[in-house]
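Trainee: Quick one: the structure is below, questions incoming.
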Amino acid sequence: MYQIVSKKELNPTVTQMEILAPFVAKKALPGQFIILRADEEGERIPLTVAGYDREKGTVTVIFQIVGGTTELLNHKKVGEYIPDFVGPLGRPTHTDGLKKVCVVGGGVGCAIALPVARALHEQGTKVTSIIGFRNKDLVILEEEFKACSDEFYMMTDDGSYGEKGNVCVPLKELLEKGEQFDEVITIGPLIMMKFVCAATKEYGVKTIASMNPIMIDGTGMCGGCRLTVGGEMKFACVDGPEFDGHLIDFDEAMSRSRTYAEFEAHEREKTCNLFKKEVQ
């Protein structure tokens with residue numbers, strides 16, 4: 001059993017939890033993920049490692065409440081336990097030798113981008129961070145990004161906070177000015193990553209995209225996270241989750257990601273109704 005040692009609401013739909021899992025914390029690296037179950041009879045879901053403390057033996061996860069399992073997990077309290085917390089899984093982000101990197105995060109994907117930005121900063125890489133949200137109410141991890149970024153850009157679609165526009169606006173401006181990045185690393189909604197990769201391809205800048213959003217089972221057995229990269233079939237959970245963004249068939253990935261949207265909404269509503277009945 002794995003104890004929840006801290007819990008924090010980052011915005012109305014996104015929660016951060018710190019889980020006591022010493023063996024996972026000992027090995028975890030940026031870009032990897034874990035598999036957990038919220039209860040003994042629950043489904044297994046993959047969540048990216050958002051941080052870790054090797055001395056305390058804790059791993060931080062940040063999740064968006066979209067389905068029944070994340071709704072159930074969100075009702076857990078500090079001091080309570082979850083039965084399964086397996087990892088670290090997946091290939092870690094490659095950071096060796098990178099001197100200048102632009103990290104582009106969108107929405108809850110910023111939780112995945114943050115440990116990457118931190119790792120780059122700690123090794124002496126010059127980090128430019130661009131993060132974007134739909135509006136001010138959804139902003140998360142701003143101060144954490146500022147702390148590990150040499151340059152920082154905050155964007156909101158409606159202009160209610162930071163600068164108005166999507167993450168591609170400052171990215172294109174930097175590239176047009178002749179800014180040279182060893183890599184651009186992008187993590188967020190698939191449509192956002194598609195346009196980030198399109199923008200960098202025009203300038204020949206190597207771009208890595210994290211395909212965490214399409215993972216389901218996390219072991220390669222369900223086939224739900226298969227995608228086409230450079231004309232070859234890959235699995236996000238075992239071959240990735242990071243791939244060359246210029247080779248990904250994003251349209252195929254976006255189509256596949258919508259497969260379980262209706263089911264997730266139904267399961268979340270069912271779980272919410274269950275908790276409402278218990279309260280009554």
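For the structure tokens, the naming scheme is as follows: chains receive sequential letters (A, B, ...) according to their order of presentation, residues are indexed from 1 within each chain, and ligands are indexed from 1 in presentation order.
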Need the shell around Ser6 of chain A: protein/DNA/RNA residues with any atom at most 9 Å away, counting only C-alpha atoms. Skip same-chain ones fewer than 2 positions apart. Format as a PyMOL selection string?
Mentor: chain A and resi 4+8+16-19+77-79
Trainee: Residues of segment 13-164 of chain A in alpha helix (DSSP H) according to DSSP, as a PyMOL selection string?
Mentor: chain A and resi 22-27+68-74+110-122+142-147
Trainee: Write out as a compact mmCIF listing (two decimals) with all heavy atoms, in the first residue's frame which residues come within 7 Å of segment 167-174 of chain A when counting only C-alpha atoms, dropping same-chain ones fewer than 4 positions away.
Mentor:
```txt
# COMPACT_ATOMS: atom_id res chain seq x y z
N ILE A 130 7.89 28.04 -22.43
CA ILE A 130 6.66 28.66 -22.92
C ILE A 130 5.51 27.77 -22.46
O ILE A 130 5.46 26.59 -22.82
CB ILE A 130 6.64 28.76 -24.46
CG1 ILE A 130 7.86 29.52 -24.97
CG2 ILE A 130 5.34 29.44 -24.92
CD1 ILE A 130 7.99 29.50 -26.49
N ILE A 131 4.61 28.31 -21.64
CA ILE A 131 3.48 27.50 -21.19
C ILE A 131 2.18 28.22 -21.51
O ILE A 131 2.11 29.45 -21.48
CB ILE A 131 3.56 27.16 -19.69
CG1 ILE A 131 3.55 28.41 -18.81
CG2 ILE A 131 4.81 26.33 -19.41
CD1 ILE A 131 3.50 28.09 -17.31
N GLY A 132 1.15 27.44 -21.85
CA GLY A 132 -0.10 28.03 -22.27
C GLY A 132 -1.32 27.35 -21.68
O GLY A 132 -1.31 26.14 -21.42
N MET A 155 1.21 32.23 -21.69
CA MET A 155 0.20 32.53 -22.70
C MET A 155 -1.17 32.02 -22.27
O MET A 155 -1.28 30.95 -21.65
CB MET A 155 0.57 31.86 -24.03
CG MET A 155 2.00 32.12 -24.53
SD MET A 155 2.33 33.86 -24.86
CE MET A 155 1.20 34.17 -26.22
N GLY A 178 15.90 34.36 -35.18
CA GLY A 178 17.15 33.63 -35.34
C GLY A 178 17.62 32.89 -34.11
O GLY A 178 18.77 32.43 -34.06
N GLU A 179 16.75 32.73 -33.11
CA GLU A 179 17.11 31.98 -31.91
C GLU A 179 17.44 30.54 -32.28
O GLU A 179 16.71 29.90 -33.03
CB GLU A 179 15.95 32.00 -30.92
CG GLU A 179 16.30 31.51 -29.52
CD GLU A 179 17.16 32.49 -28.75
OE1 GLU A 179 16.63 33.50 -28.24
OE2 GLU A 179 18.38 32.23 -28.68
N VAL A 196 3.09 23.02 -32.82
CA VAL A 196 4.45 23.33 -32.39
C VAL A 196 5.45 22.65 -33.32
O VAL A 196 6.42 23.26 -33.78
CB VAL A 196 4.68 22.87 -30.93
CG1 VAL A 196 6.17 22.89 -30.59
CG2 VAL A 196 3.92 23.77 -29.96
N ALA A 199 5.62 24.31 -36.67
CA ALA A 199 6.37 25.57 -36.62
C ALA A 199 7.88 25.33 -36.61
O ALA A 199 8.63 26.01 -37.32
CB ALA A 199 5.96 26.36 -35.37
```
Trainee: Select from segment 45-249 of chain A everything DSSP, run on the backbone, classes as strand (DSSP E), then give the selection as a ChimeraX atom specification.
Mentor: /A:45-53,58-64,81-82,84-89,100-106,126-133,151-156,163-164,183-187,207-210,226-229,232-235,242-244
Trainee: Between A:Asn166, A:Asn74, A:Gln180, A:Thr69, which has the minimum distance to Lys126 of chain A (counting only C-alpha atoms)?
Mentor: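 Using only C-alpha atoms, Lys126 of chain A sits closest to A:Gln180.
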Trainee: Taking only C-alpha atoms into account, which of A:Lys146, A:Cys102, A:Val139, A:Phe133 comes nearest Thr200 of chain A?
Mentor: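 Nearest to Thr200 of chain A: A:Cys102.
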Trainee: Taking 3 positions as the minimum chain separation for residues in the same chain, which residues sit within 6 Å of segment 58-63 of chain A when counting only C-alpha atoms? Answer as JSON, numbers by chain.
Mentor: {"A": [14, 15, 16, 17, 18, 19, 20, 21, 25, 49, 50, 51, 52, 53]}
Trainee: Just to confirm, what's the straight-line distance from atom CA of Arg91 of chain A to atom CA of Pro30 of chain A in Å (one decimal)?
Mentor: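 If I compute the distance from atom CA of Arg91 of chain A to atom CA of Pro30 of chain A, I get 9.0 Å.
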Trainee: Rank A:Ile185, A:Ala111, A:Val101, A:Val205 by their smallest atom-to-atom distance to Asp150 of chain A, using only C-alpha atoms, and report the top residue only.
Mentor: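 Nearest to Asp150 of chain A: A:Val101.
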Trainee: Nearest residue to Glu242 of chain A out of A:Gly87, A:Gly31, A:Gly188, A:Gly124, using only C-alpha atoms?
Mentor: A:Gly31
Trainee: How many Å separate atom CA of Met1 of chain A from atom CA of Ile82 of chain A?
Mentor: 5.8 Å
Trainee: Determine, counting only C-alpha atoms, which protein, DNA and RNA residues have an atom within 12 Å of an atom of His246 of chain A; residues of the same chain fewer than 5 positions away are not included. Present the result as a ChimeraX atom specification.
Mentor: /A:184-186,193-209,228-231
